[in-house]
file run_33.cif (mmCIF, C-alpha atoms)
data_input
#
loop_
_atom_site.label_atom_id
_atom_site.label_comp_id
_atom_site.auth_asym_id
_atom_site.auth_seq_id
_atom_site.Cartn_x
_atom_site.Cartn_y
_atom_site.Cartn_z
CA MET Q 22 100.03 -301.55 35.49
CA ASP Q 23 97.15 -300.59 33.23
CA ILE Q 24 97.39 -297.03 31.95
CA LYS Q 25 94.85 -295.36 29.68
CA VAL Q 26 95.36 -291.97 28.06
CA LEU Q 27 92.12 -290.12 27.30
CA GLY Q 28 92.12 -287.69 24.40
CA THR Q 29 90.58 -287.08 21.02
CA GLY Q 30 93.93 -287.15 19.28
CA CYS Q 31 95.38 -283.69 19.79
CA ALA Q 32 99.11 -283.05 19.94
CA ASN Q 33 99.14 -282.97 23.76
CA CYS Q 34 97.59 -286.43 23.92
CA LYS Q 35 100.30 -287.88 21.70
CA ALA Q 36 102.96 -286.16 23.77
CA THR Q 37 101.47 -287.62 26.96
CA ILE Q 38 101.58 -291.18 25.61
CA ALA Q 39 105.13 -290.75 24.35
CA LEU Q 40 106.29 -289.34 27.69
CA ILE Q 41 104.71 -292.09 29.80
CA ASP Q 42 106.09 -294.75 27.49
CA GLN Q 43 109.55 -293.24 27.64
CA ILE Q 44 109.65 -292.98 31.44
CA ALA Q 45 108.23 -296.47 31.92
CA GLN Q 46 110.90 -297.92 29.66
CA ALA Q 47 113.65 -295.98 31.38
CA LYS Q 48 112.47 -297.18 34.79
CA GLY Q 49 111.92 -300.73 33.59
CA VAL Q 50 108.25 -300.75 34.62
CA THR Q 51 105.96 -302.88 32.49
CA VAL Q 52 102.80 -301.03 31.59
CA THR Q 53 99.96 -301.61 29.17
CA LEU Q 54 99.39 -298.25 27.56
CA THR Q 55 96.13 -297.71 25.67
CA LYS Q 56 94.57 -294.74 23.96
CA VAL Q 57 90.92 -293.90 24.55
CA GLU Q 58 89.80 -291.72 21.65
CA GLU Q 59 86.04 -292.27 21.53
CA LEU Q 60 84.34 -289.22 23.03
CA ARG Q 61 81.62 -291.23 24.71
CA ASP Q 62 84.16 -293.37 26.55
CA ILE Q 63 86.22 -290.35 27.58
CA MET Q 64 83.16 -288.69 29.06
CA GLY Q 65 82.40 -291.92 30.90
CA TYR Q 66 85.41 -291.16 33.10
CA GLY Q 67 83.99 -287.75 33.99
CA VAL Q 68 86.98 -285.90 32.58
CA MET Q 69 86.35 -282.41 31.19
CA SER Q 70 89.70 -281.42 29.80
CA THR Q 71 92.02 -283.64 27.83
CA PRO Q 72 94.49 -285.28 27.84
CA GLY Q 73 93.51 -287.30 30.89
CA VAL Q 74 95.30 -290.26 32.46
CA VAL Q 75 93.58 -293.27 34.03
CA ILE Q 76 95.60 -295.77 36.05
CA ASN Q 77 93.98 -299.08 37.02
CA GLY Q 78 90.55 -297.57 36.43
CA LYS Q 79 91.12 -294.39 38.45
CA VAL Q 80 91.46 -290.91 36.93
CA VAL Q 81 94.72 -289.46 38.19
CA HIS Q 82 95.19 -286.50 35.88
CA ALA Q 83 93.26 -284.26 33.47
CA GLY Q 84 94.00 -281.24 31.33
CA GLY Q 85 97.45 -280.97 29.81
CA VAL Q 86 100.58 -283.05 29.55
CA PRO Q 87 101.47 -284.37 33.03
CA SER Q 88 104.82 -283.40 34.47
CA ARG Q 89 107.70 -285.85 34.59
CA ASP Q 90 107.62 -285.83 38.41
CA LYS Q 91 103.98 -286.83 38.43
CA ILE Q 92 104.48 -289.71 36.03
CA GLU Q 93 107.42 -290.99 38.04
CA GLN Q 94 105.26 -290.96 41.17
CA TRP Q 95 102.52 -292.98 39.44
CA LEU Q 96 104.97 -295.54 38.21
CA ALA Q 97 106.64 -295.85 41.59
CA ALA Q 98 103.34 -296.51 43.38
CA MET K 19 92.69 -270.07 25.61
CA PRO K 20 94.16 -270.77 22.19
CA ASN K 21 96.13 -273.92 22.70
CA CYS K 22 96.06 -275.76 19.41
CA VAL K 23 98.31 -274.31 16.77
CA SER K 24 99.99 -276.32 14.09
CA ASN K 25 103.54 -275.66 15.22
CA LYS K 26 102.54 -277.22 18.55
CA ASP K 27 103.88 -280.53 17.37
CA PHE K 28 107.23 -279.01 16.72
CA PHE K 29 107.48 -277.66 20.26
CA ASP K 30 106.35 -280.98 21.67
CA TYR K 31 109.09 -282.82 19.85
CA LEU K 32 111.59 -280.23 20.89
CA ARG K 33 110.53 -280.64 24.51
CA LEU K 34 110.55 -284.41 24.36
CA PHE K 35 113.99 -284.29 22.81
CA TYR K 36 115.18 -281.90 25.50
CA GLN K 37 113.59 -283.93 28.25
CA SER K 38 115.13 -287.17 27.08
CA ALA K 39 118.52 -285.48 26.97
CA VAL K 40 118.09 -284.17 30.50
CA PHE K 41 116.76 -287.49 31.65
CA ALA K 42 119.78 -289.34 30.35
CA GLY K 43 121.93 -287.07 32.46
CA MET K 44 119.78 -287.15 35.59
CA ASN K 45 119.03 -290.82 35.62
CA THR K 46 120.95 -291.39 38.82
CA LEU K 47 119.29 -288.52 40.69
CA THR K 48 116.07 -289.75 42.25
CA ALA K 49 114.90 -286.63 44.09
CA PRO K 50 113.32 -284.10 41.71
CA ARG K 51 115.30 -280.89 41.74
CA LYS K 52 113.41 -277.66 42.17
CA SER K 53 114.42 -274.35 40.69
CA TRP K 54 114.79 -271.40 43.01
CA PRO K 55 111.68 -269.48 41.87
CA THR K 56 109.52 -272.31 43.19
CA ARG K 57 111.50 -272.53 46.41
CA GLN K 58 111.42 -268.78 47.09
CA PRO K 59 108.26 -267.67 45.31
CA VAL K 60 107.76 -264.29 46.96
CA ALA K 61 111.34 -263.17 46.40
CA PHE K 62 111.13 -264.31 42.82
CA LEU K 63 107.91 -262.42 42.12
CA ILE K 64 109.28 -259.16 43.55
CA LEU K 65 112.55 -259.48 41.67
CA ALA K 66 110.76 -260.38 38.44
CA ALA K 67 108.49 -257.35 38.75
CA ILE K 68 111.48 -255.02 39.26
CA VAL K 69 113.40 -256.46 36.32
CA TRP K 70 110.29 -256.27 34.14
CA LEU K 71 109.63 -252.62 34.98
CA GLY K 72 113.27 -251.78 34.39
CA LEU K 73 113.22 -253.41 30.96
CA TYR K 74 109.92 -251.78 30.05
CA ASN K 75 111.24 -248.32 30.86
CA THR K 76 114.38 -248.69 28.76
CA LEU K 77 112.43 -249.56 25.61
CA ILE K 78 112.24 -246.07 24.09
CA PRO K 79 115.90 -245.09 24.65
CA ALA K 80 117.03 -248.55 23.55
CA SER K 81 115.05 -248.44 20.31
CA GLU K 82 116.32 -244.91 19.57
CA ALA K 83 119.91 -246.00 20.22
CA LEU K 84 119.50 -249.02 17.99
CA VAL K 85 118.21 -246.92 15.09
CA ALA K 86 121.00 -244.38 15.63
CA LEU K 87 123.50 -247.17 15.00
CA LEU K 88 122.02 -247.84 11.56
CA PRO K 89 123.16 -245.87 8.52
CA LEU K 90 119.92 -244.00 7.91
CA GLU K 91 118.20 -240.77 8.84
CA ARG K 92 116.12 -240.92 12.01
CA ASP K 93 113.54 -238.62 10.39
CA SER K 94 113.30 -240.60 7.17
CA HIS K 95 110.32 -242.85 6.64
CA MET K 96 112.44 -245.96 7.03
CA GLY K 97 114.04 -244.65 10.21
CA GLY K 98 110.64 -243.97 11.74
CA ALA K 99 109.32 -247.36 10.75
CA LEU K 100 112.36 -249.13 12.23
CA GLN K 101 112.18 -247.22 15.49
CA PHE K 102 108.50 -248.18 15.69
CA PHE K 103 109.39 -251.81 15.04
CA PHE K 104 112.26 -251.89 17.57
CA TYR K 105 110.06 -250.26 20.18
CA ASP K 106 106.76 -252.01 19.57
CA THR K 107 107.99 -255.59 19.22
CA PRO K 108 109.71 -255.87 22.61
CA LYS K 109 106.95 -253.80 24.20
CA VAL K 110 104.18 -256.15 23.06
CA LEU K 111 106.26 -259.23 23.89
CA LEU K 112 107.07 -257.92 27.38
CA LEU K 113 103.42 -257.10 28.05
CA LEU K 114 102.30 -260.47 26.78
CA THR K 115 104.87 -262.38 28.83
CA ALA K 116 103.84 -260.59 32.02
CA VAL K 117 100.11 -261.03 31.43
CA VAL K 118 100.40 -264.66 30.37
CA PHE K 119 102.58 -265.42 33.39
CA VAL K 120 100.14 -263.85 35.83
CA MET K 121 97.19 -265.48 34.07
CA GLY K 122 99.00 -268.81 34.18
CA MET K 123 99.08 -268.44 37.96
CA VAL K 124 95.43 -267.32 38.12
CA ASN K 125 94.36 -270.09 35.73
CA SER K 126 95.67 -272.68 38.15
CA TYR K 127 92.88 -271.55 40.46
CA PHE K 128 90.03 -271.51 37.94
CA THR K 129 90.10 -275.08 36.71
CA PRO K 130 87.15 -276.18 34.53
CA GLU K 131 85.97 -278.32 37.47
CA ARG K 132 85.82 -275.33 39.82
CA THR K 133 84.08 -273.21 37.17
CA ARG K 134 81.51 -275.91 36.66
CA ALA K 135 80.84 -276.17 40.39
CA LEU K 136 80.36 -272.39 40.50
CA LEU K 137 77.80 -272.48 37.67
CA ALA K 138 75.87 -275.66 38.40
CA GLY K 139 72.33 -275.21 39.64
CA ARG K 140 72.24 -271.47 39.10
CA SER K 141 69.34 -269.91 37.29
CA GLU K 142 69.86 -268.10 34.01
CA GLY K 143 70.55 -264.41 33.77
CA VAL K 144 73.14 -263.88 36.47
CA ALA K 145 74.67 -267.23 35.59
CA ASN K 146 75.13 -266.10 31.96
CA VAL K 147 77.10 -263.09 33.16
CA MET K 148 79.17 -265.30 35.47
CA ALA K 149 79.79 -267.88 32.76
CA ALA K 150 80.99 -265.29 30.27
CA SER K 151 83.29 -263.70 32.87
CA LEU K 152 84.66 -267.04 34.00
CA GLY K 153 85.38 -267.76 30.34
CA ILE K 154 88.12 -265.14 30.49
CA VAL K 155 90.03 -266.78 33.33
CA THR K 156 89.37 -270.48 32.78
CA PRO K 157 92.07 -272.18 30.71
CA PHE K 158 90.47 -273.42 27.55
CA CYS K 159 91.58 -275.04 24.36
CA SER K 160 89.24 -275.44 21.43
CA CYS K 161 90.07 -279.14 21.31
CA SER K 162 88.58 -279.41 24.82
CA ALA K 163 85.38 -277.66 23.77
CA VAL K 164 83.30 -280.80 23.50
CA PRO K 165 84.34 -282.62 26.70
CA LEU K 166 83.86 -279.32 28.52
CA PHE K 167 80.45 -278.84 26.97
CA ILE K 168 79.23 -282.29 27.99
CA GLY K 169 80.77 -281.99 31.44
CA PHE K 170 78.87 -278.75 32.06
CA VAL K 171 75.52 -280.02 30.78
CA GLN K 172 75.91 -283.28 32.68
CA ALA K 173 76.37 -281.47 35.97
CA GLY K 174 73.21 -279.46 35.48
CA VAL K 175 74.60 -276.21 34.13
CA PRO K 176 71.78 -274.78 31.96
CA LEU K 177 72.34 -275.03 28.20
CA GLY K 178 72.28 -271.27 27.62
CA VAL K 179 74.80 -270.70 30.42
CA THR K 180 77.08 -273.36 28.95
CA PHE K 181 76.93 -271.53 25.63
CA SER K 182 77.80 -268.20 27.25
CA PHE K 183 80.95 -269.87 28.53
CA LEU K 184 81.69 -271.60 25.25
CA ILE K 185 81.43 -268.33 23.31
CA SER K 186 83.40 -266.16 25.70
CA ALA K 187 86.24 -268.57 26.53
CA PRO K 188 88.03 -268.58 23.16
CA MET K 189 86.98 -265.08 22.07
CA VAL K 190 87.70 -262.95 25.14
CA ASN K 191 91.03 -264.03 26.52
CA GLU K 192 94.16 -262.47 27.90
CA VAL K 193 96.16 -262.91 24.70
CA ALA K 194 93.63 -261.07 22.53
CA LEU K 195 93.22 -258.30 25.10
CA THR K 196 96.95 -257.79 25.67
CA LEU K 197 97.69 -257.67 21.97
CA LEU K 198 94.91 -255.16 21.34
CA PHE K 199 96.13 -253.07 24.27
CA GLY K 200 99.77 -253.19 23.19
CA MET K 201 99.09 -252.35 19.54
CA PHE K 202 95.97 -250.21 19.48
CA GLY K 203 95.66 -248.80 22.99
CA TRP K 204 93.51 -249.42 26.04
CA LYS K 205 90.31 -248.04 24.51
CA VAL K 206 90.20 -250.65 21.76
CA ALA K 207 91.08 -253.41 24.26
CA LEU K 208 88.36 -252.30 26.67
CA LEU K 209 85.77 -252.05 23.90
CA TYR K 210 86.66 -255.52 22.71
CA LEU K 211 86.33 -256.84 26.27
CA GLY K 212 82.95 -255.21 26.85
CA LEU K 213 81.48 -256.13 23.49
CA GLY K 214 82.86 -259.68 23.52
CA LEU K 215 81.32 -260.29 26.94
CA SER K 216 78.01 -258.76 25.82
CA VAL K 217 77.83 -261.01 22.78
CA ALA K 218 78.58 -264.09 24.93
CA ILE K 219 76.05 -263.15 27.62
CA VAL K 220 73.20 -262.18 25.29
CA ALA K 221 73.74 -264.99 22.77
CA GLY K 222 73.86 -267.57 25.59
CA TRP K 223 70.76 -266.11 27.16
CA ILE K 224 68.83 -266.25 23.88
CA ILE K 225 69.87 -269.85 23.25
CA GLY K 226 68.67 -270.65 26.76
CA ARG K 227 65.29 -268.97 26.06
CA LEU K 228 64.85 -271.03 22.91
CA LYS K 229 64.70 -274.21 25.03
CA MET K 230 66.70 -276.36 22.68
CA GLU K 231 67.64 -279.15 25.06
CA ALA K 232 65.91 -281.60 22.71
CA HIS K 233 68.50 -280.84 20.07
CA LEU K 234 71.39 -282.33 21.98
CA GLU K 235 72.48 -285.66 20.55
CA ASP K 236 70.57 -288.48 22.21
CA TRP K 237 73.57 -290.11 23.85
CA VAL K 238 74.45 -286.83 25.55
CA ARG K 239 70.95 -286.48 27.00
CA ASP K 240 71.03 -290.08 28.15
CA MET K 241 74.27 -289.74 30.06
CA PRO K 242 73.88 -290.16 33.80
CA LYS K 243 73.75 -286.90 35.71
CA MET K 244 76.86 -286.10 37.63
CA SER K 245 77.35 -284.03 40.70
CA ALA K 246 79.42 -280.90 40.22
CA ASP K 247 81.37 -281.52 43.40
CA PHE K 248 85.07 -281.46 43.08
CA GLU K 249 88.02 -281.81 45.36
CA ALA K 250 89.97 -278.61 45.51
CA THR K 251 93.60 -279.49 45.39
CA SER K 252 95.45 -276.77 47.18
CA MET K 253 98.53 -275.49 45.42
CA THR K 254 101.44 -273.63 46.88
CA LEU K 255 102.55 -270.30 45.48
CA GLY K 256 105.60 -272.08 44.10
CA GLU K 257 103.44 -274.49 42.14
CA ARG K 258 101.37 -271.61 40.76
CA ILE K 259 104.59 -269.95 39.61
CA GLU K 260 105.41 -273.15 37.79
CA GLY K 261 101.98 -272.84 36.16
CA GLY K 262 102.93 -269.32 35.08
CA PHE K 263 106.21 -270.49 33.54
CA HIS K 264 104.38 -273.27 31.77
CA ALA K 265 101.83 -270.85 30.32
CA VAL K 266 104.55 -268.50 29.06
CA LYS K 267 106.37 -271.37 27.38
CA GLU K 268 103.16 -272.70 25.85
CA ILE K 269 101.60 -269.45 24.70
CA VAL K 270 104.31 -266.86 24.16
CA GLY K 271 106.53 -269.54 22.66
CA LYS K 272 103.81 -270.13 20.11
CA VAL K 273 102.45 -266.72 19.23
CA TRP K 274 105.59 -264.60 18.92
CA PRO K 275 106.00 -265.16 15.15
CA TYR K 276 102.48 -263.82 14.54
CA ILE K 277 103.23 -260.75 16.61
CA LEU K 278 106.46 -260.11 14.75
CA VAL K 279 104.69 -260.39 11.40
CA GLY K 280 101.84 -258.22 12.64
CA ILE K 281 104.06 -255.38 13.77
CA ALA K 282 106.34 -255.56 10.74
CA LEU K 283 103.31 -255.49 8.47
CA GLY K 284 101.87 -252.53 10.32
CA GLY K 285 105.08 -250.58 9.87
CA LEU K 286 105.75 -251.55 6.27
CA ILE K 287 102.43 -251.08 4.54
CA HIS K 288 102.17 -247.57 5.92
CA GLY K 289 104.50 -246.54 3.13
CA TYR K 290 103.60 -248.76 0.26
CA VAL K 291 99.83 -249.02 0.07
CA PRO K 292 97.74 -245.84 -0.33
CA GLU K 293 96.41 -244.75 3.05
CA ASP K 294 92.72 -245.04 2.17
CA PHE K 295 93.09 -248.14 0.01
CA MET K 296 90.68 -250.07 2.25
CA ALA K 297 88.49 -247.13 3.15
CA ASN K 298 86.44 -247.46 -0.03
CA PHE K 299 85.21 -250.94 0.63
CA MET K 300 85.83 -251.45 4.34
CA GLY K 301 85.28 -247.94 5.57
CA ARG K 302 82.33 -247.02 7.71
CA ASP K 303 80.30 -245.68 4.79
CA ALA K 304 80.06 -249.10 3.21
CA TRP K 305 77.24 -250.67 5.24
CA TRP K 306 77.71 -254.07 3.67
CA SER K 307 81.30 -254.30 4.84
CA VAL K 308 80.32 -255.60 8.31
CA PRO K 309 78.21 -258.54 7.09
CA LEU K 310 80.92 -259.32 4.55
CA ALA K 311 83.57 -259.33 7.29
CA VAL K 312 81.48 -261.70 9.42
CA VAL K 313 80.67 -264.04 6.52
CA MET K 314 84.37 -264.22 5.68
CA GLY K 315 85.43 -264.60 9.30
CA VAL K 316 83.06 -267.34 10.49
CA PRO K 317 84.50 -270.35 8.61
CA MET K 318 88.11 -269.22 9.13
CA TYR K 319 90.02 -270.66 12.02
CA THR K 320 92.93 -269.09 13.77
CA ASN K 321 93.64 -267.98 17.31
CA ALA K 322 93.77 -264.46 18.68
CA ALA K 323 97.43 -264.03 17.79
CA GLY K 324 97.06 -265.30 14.23
CA VAL K 325 94.42 -262.74 13.37
CA ILE K 326 96.38 -259.77 14.73
CA PRO K 327 98.55 -259.23 11.61
CA ILE K 328 95.38 -259.03 9.50
CA VAL K 329 93.73 -256.65 11.94
CA GLN K 330 96.84 -254.48 11.95
CA ALA K 331 96.95 -254.33 8.15
CA LEU K 332 93.24 -253.56 7.76
CA LEU K 333 93.22 -250.80 10.37
CA ALA K 334 96.36 -249.15 9.02
CA LYS K 335 94.72 -248.87 5.63
CA GLY K 336 91.58 -247.11 6.76
CA ALA K 337 89.16 -249.95 7.39
CA ALA K 338 86.59 -248.99 10.02
CA LEU K 339 87.26 -250.21 13.57
CA GLY K 340 83.82 -251.83 13.97
CA THR K 341 84.24 -253.81 10.78
CA VAL K 342 87.68 -255.00 11.78
CA LEU K 343 86.65 -256.01 15.32
CA ALA K 344 83.63 -257.86 13.92
CA PHE K 345 85.96 -259.72 11.60
CA MET K 346 88.32 -260.56 14.47
CA MET K 347 85.50 -261.81 16.71
CA SER K 348 83.96 -263.99 14.04
CA VAL K 349 87.31 -265.56 13.18
CA ILE K 350 88.08 -266.43 16.81
CA ALA K 351 84.61 -267.28 18.11
CA LEU K 352 83.26 -269.41 15.28
CA SER K 353 85.05 -271.78 12.95
CA LEU K 354 84.31 -274.67 10.66
CA PRO K 355 86.52 -277.17 12.56
CA GLU K 356 84.72 -276.30 15.80
CA MET K 357 81.32 -276.90 14.18
CA ILE K 358 82.46 -280.30 12.99
CA ILE K 359 83.54 -281.28 16.50
CA LEU K 360 80.36 -279.89 18.05
CA ARG K 361 78.30 -281.92 15.58
CA LYS K 362 79.19 -284.97 17.68
CA VAL K 363 77.12 -283.63 20.57
CA LEU K 364 74.64 -281.18 19.01
CA LYS K 365 72.04 -281.72 16.35
CA VAL K 366 72.25 -279.60 13.23
CA ARG K 367 69.48 -277.24 14.29
CA LEU K 368 71.19 -276.31 17.53
CA ILE K 369 74.49 -275.71 15.76
CA ALA K 370 72.73 -273.53 13.20
CA THR K 371 71.05 -271.57 16.00
CA PHE K 372 74.38 -271.17 17.79
CA VAL K 373 76.10 -269.85 14.65
CA GLY K 374 73.14 -267.66 13.77
CA VAL K 375 72.76 -266.03 17.18
CA VAL K 376 76.48 -265.41 17.64
CA SER K 377 76.95 -264.00 14.12
CA ALA K 378 73.95 -261.72 14.61
CA GLY K 379 75.49 -260.45 17.85
CA ILE K 380 78.84 -259.79 16.22
CA LEU K 381 77.10 -258.07 13.31
CA LEU K 382 75.32 -255.77 15.71
CA VAL K 383 78.58 -254.98 17.49
CA GLY K 384 80.18 -254.01 14.18
CA PHE K 385 77.31 -251.72 13.18
CA VAL K 386 77.02 -250.05 16.59
CA PHE K 387 80.74 -249.46 16.66
CA ASN K 388 80.88 -247.90 13.23
CA ALA K 389 77.89 -245.69 14.01
CA VAL K 390 79.16 -244.45 17.38
CA LEU K 391 82.84 -243.84 16.61
#
call {"tool": "encode", "arguments": {"input": "run_33.cif", "output": "structure tokens"}}
result
Amino acid sequence: MDIKVLGTGCANCKATIALIDQIAQAKGVTVTLTKVEELRDIMGYGVMSTPGVVINGKVVHAGGVPSRDKIEQWLAA
Amino acid sequence: MPNCVSNKDFFDYLRLFYQSAVFAGMNTLTAPRKSWPTRQPVAFLILAAIVWLGLYNTLIPASEALVALLPLERDSHMGGALQFFFYDTPKVLLLLTAVVFVMGMVNSYFTPERTRALLAGRSEGVANVMAASLGIVTPFCSCSAVPLFIGFVQAGVPLGVTFSFLISAPMVNEVALTLLFGMFGWKVALLYLGLGLSVAIVAGWIIGRLKMEAHLEDWVRDMPKMSADFEATSMTLGERIEGGFHAVKEIVGKVWPYILVGIALGGLIHGYVPEDFMANFMGRDAWWSVPLAVVMGVPMYTNAAGVIPIVQALLAKGAALGTVLAFMMSVIALSLPEMIILRKVLKVRLIATFVGVVSAGILLVGFVFNAVL
């Protein structure tokens, strides 16, 4: 599963990456987690508020740290 | 909405730590458990309102009782100051919690995407008024300023209207208004609301008139246009309540130390600094005090809560209200870090115009205020 976290490096973005990583490890799901910090690339996804989460090329979340429930749903899909 | 304070990291770690502890315990449970407020939202809201009102009404007797327990005279200066502190602190915190909770629920409706769809394709004038008003209710963090800015422009929201939103969103927000109301009364809060909106509307309108689209960075102008359509995801009342809880944790959890310091400072310096200490150089007779306040405030960066202790101290010592509000607005609305981020999307001339127009507006507000009151 290819997961990208969009954000210019604020505290919420770091928390989002840490949380996804933690849940993926706990569930034993292999993911490639990448940060997208370049503004131009972030805007390319059409996201207006960060942090945003992109899974397999599709924006699934924007604006704030996603909830644990949400992340578990993504990883289960 | 002020969302980026330095102790943020600390809370994040705390939450991650807490979550990992909970997770270790819940690993075997697959179904997410829901708390009762989200299962019975209406009952929760009614009960919460009753409890809140009850608490609010016991504040005066409780603070008096607390001071009576202490070994000092109620009528002494110290006794008065303590009673003020014991009454004001929980009062402001209660007010703030209630307002932030309700706004957290309202915010879940006004997402940036919905706001953008409301503003796209509208002509200037009315749209400036709408943008400034929507700035109050749309959740906003200064670290999202740039993505938001580009997103608006890309969807065809006029530049001036985008600026109206960008000015109003951080400056006029529920935290600033509640704190002003709780500490200085509804008149000051209402004046701040009216003047803040006016500055955002007029400054945005002027920037729109100046036709400065050419001063966007080239890559921003070259971005493909996007439609402002969005899919409204419907939320249940329970989910909105969760949004409210989240907002309280995020915002009240972060700003309470500033409030405590602000109130303590207000009580303490009453006794120890001469009453008109500030009046000489920040009173209303000193015409140059307003420009000075703005020049000092513009590069500074703090959120609405961080500036409250300073406002409290200045007012208590006889500084003129217009001067102090001008200072507060310039600290919150404009800051050096924000300029540096905006430089990625705006050319220098547009940034200079933005700073110039907004500072001029704030300056005017300060002068008018001092002249009228």
call {"tool": "resolve_selection", "arguments": {"input": "run_33.cif", "expression": "the PyMOL selection byres ((chain Q) within 6 of (chain K))", "output": "ChimeraX atom specification"}}
result
/Q:32,69-70
call {"tool": "write_last_selection", "arguments": {"input": "run_33.cif", "atoms": "C-alpha atoms", "output": "CSV table (one decimal), keeping the file's coordinate frame"}}
result
chain,number,residue,atom,x,y,z
Q,32,ALA,CA,99.1,-283.0,19.9
Q,69,MET,CA,86.4,-282.4,31.2
Q,70,SER,CA,89.7,-281.4,29.8
call {"tool": "residues_around", "arguments": {"input": "run_33.cif", "residues": "Q:Val74", "least_positions_apart": "2", "cutoff": "6 Å", "atoms": "all atoms listed in the file", "output": "PyMOL selection string"}}
result
chain Q and resi 25-26+80-82
call {"tool": "atom_distance", "arguments": {"input": "run_33.cif", "atom1": "atom CA of K:Met121", "atom2": "atom CA of K:Met148"}}
result
18.1 Å
call {"tool": "residues_around", "arguments": {"input": "run_33.cif", "residues": "Q:Thr55", "least_positions_apart": "3", "cutoff": "10 Å", "atoms": "only C-alpha atoms", "output": "list of chain:residue names"}}
result
Q:Asp23, Q:Ile24, Q:Lys25, Q:Val26, Q:Leu27, Q:Ile38, Q:Val52, Q:Glu58, Q:Val75
call {"tool": "closest_residue", "arguments": {"input": "run_33.cif", "among": "K:Trp204, K:Gly271, K:Ile350, K:Leu111", "to": "K:Val190", "atoms": "all atoms listed in the file"}}
result
K:Ile350
call {"tool": "closest_residue", "arguments": {"input": "run_33.cif", "among": "Q:Thr53, Q:Ser88, Q:Thr37, Q:Gln43", "to": "Q:Met22", "atoms": "all atoms listed in the file"}}
result
Q:Thr53
call {"tool": "residues_around", "arguments": {"input": "run_33.cif", "residues": "stretch 60-62 of chain Q", "least_positions_apart": "3", "cutoff": "8 Å", "atoms": "only C-alpha atoms", "output": "JSON, numbers by chain"}}
result
{"Q": [29, 57, 65, 66], "K": [165]}
call {"tool": "atom_distance", "arguments": {"input": "run_33.cif", "atom1": "atom CA of K:Val386", "atom2": "atom CA of K:Leu208"}}
result
15.3 Å
call {"tool": "atom_distance", "arguments": {"input": "run_33.cif", "atom1": "atom CA of K:Asp303", "atom2": "atom CA of K:Pro317"}}
result
25.3 Å
call {"tool": "resolve_selection", "arguments": {"input": "run_33.cif", "expression": "the PyMOL selection byres ((chain Q and resi 40) around 9)", "output": "list in words"}}
result
Lys35, Ala36, Thr37, Ile38, Ala39, Ile41, Asp42, Gln43, Ile44, Ala45, Val86, Pro87, Arg89 and Ile92 of chain Q; Leu34 of chain K
call {"tool": "write_last_selection", "arguments": {"input": "run_33.cif", "atoms": "C-alpha atoms", "output": "mmCIF file, in the coordinates of the input"}}
result
data_model
loop_
_atom_site.group_PDB
_atom_site.id
_atom_site.type_symbol
_atom_site.label_atom_id
_atom_site.label_comp_id
_atom_site.auth_asym_id
_atom_site.auth_seq_id
_atom_site.Cartn_x
_atom_site.Cartn_y
_atom_site.Cartn_z
ATOM 1 C CA LYS Q 35 100.300 -287.880 21.700
ATOM 2 C CA ALA Q 36 102.960 -286.160 23.770
ATOM 3 C CA THR Q 37 101.470 -287.620 26.960
ATOM 4 C CA ILE Q 38 101.580 -291.180 25.610
ATOM 5 C CA ALA Q 39 105.130 -290.750 24.350
ATOM 6 C CA ILE Q 41 104.710 -292.090 29.800
ATOM 7 C CA ASP Q 42 106.090 -294.750 27.490
ATOM 8 C CA GLN Q 43 109.550 -293.240 27.640
ATOM 9 C CA ILE Q 44 109.650 -292.980 31.440
ATOM 10 C CA ALA Q 45 108.230 -296.470 31.920
ATOM 11 C CA VAL Q 86 100.580 -283.050 29.550
ATOM 12 C CA PRO Q 87 101.470 -284.370 33.030
ATOM 13 C CA ARG Q 89 107.700 -285.850 34.590
ATOM 14 C CA ILE Q 92 104.480 -289.710 36.030
ATOM 15 C CA LEU K 34 110.550 -284.410 24.360
#
call {"tool": "resolve_selection", "arguments": {"input": "run_33.cif", "expression": "the PyMOL selection byres ((chain K and resi 178) around 12)", "output": "VMD selection string"}}
result
chain K and resid 137 140 to 147 149 to 150 167 170 to 171 174 to 177 179 to 185 218 to 231 368 371 to 372 375
call {"tool": "closest_residue", "arguments": {"input": "run_33.cif", "among": "K:Val117, K:Val273, K:Val376, K:Ala99", "to": "K:Ala322", "atoms": "only C-alpha atoms"}}
result
K:Val273
call {"tool": "closest_residue", "arguments": {"input": "run_33.cif", "among": "Q:Ala97, Q:Met64, Q:Ala83, Q:Val50", "to": "Q:Cys34", "atoms": "all atoms listed in the file"}}
result
Q:Ala83
call {"tool": "residues_around", "arguments": {"input": "run_33.cif", "residues": "stretch 79-86 of chain K", "least_positions_apart": "5", "cutoff": "9 Å", "atoms": "all atoms listed in the file", "output": "PyMOL selection string"}}
result
chain K and resi 91-92+97-98+100-105
call {"tool": "residues_around", "arguments": {"input": "run_33.cif", "residues": "K:Val155", "least_positions_apart": "2", "cutoff": "6 Å", "atoms": "only C-alpha atoms", "output": "number ranges by chain"}}
result
K: 125, 152-153
call {"tool": "closest_residue", "arguments": {"input": "run_33.cif", "among": "K:Leu215, K:Leu332, K:Ile68, K:Ala337", "to": "K:Ile380", "atoms": "all atoms listed in the file"}}
result
K:Leu215
call {"tool": "residues_near_point", "arguments": {"input": "run_33.cif", "point": "(106.5, -272.2, 30.3)", "cutoff": "12 Å", "atoms": "only C-alpha atoms", "output": "PyMOL selection string"}}
result
chain K and resi 29+33+115+118-120+122-123+258-272
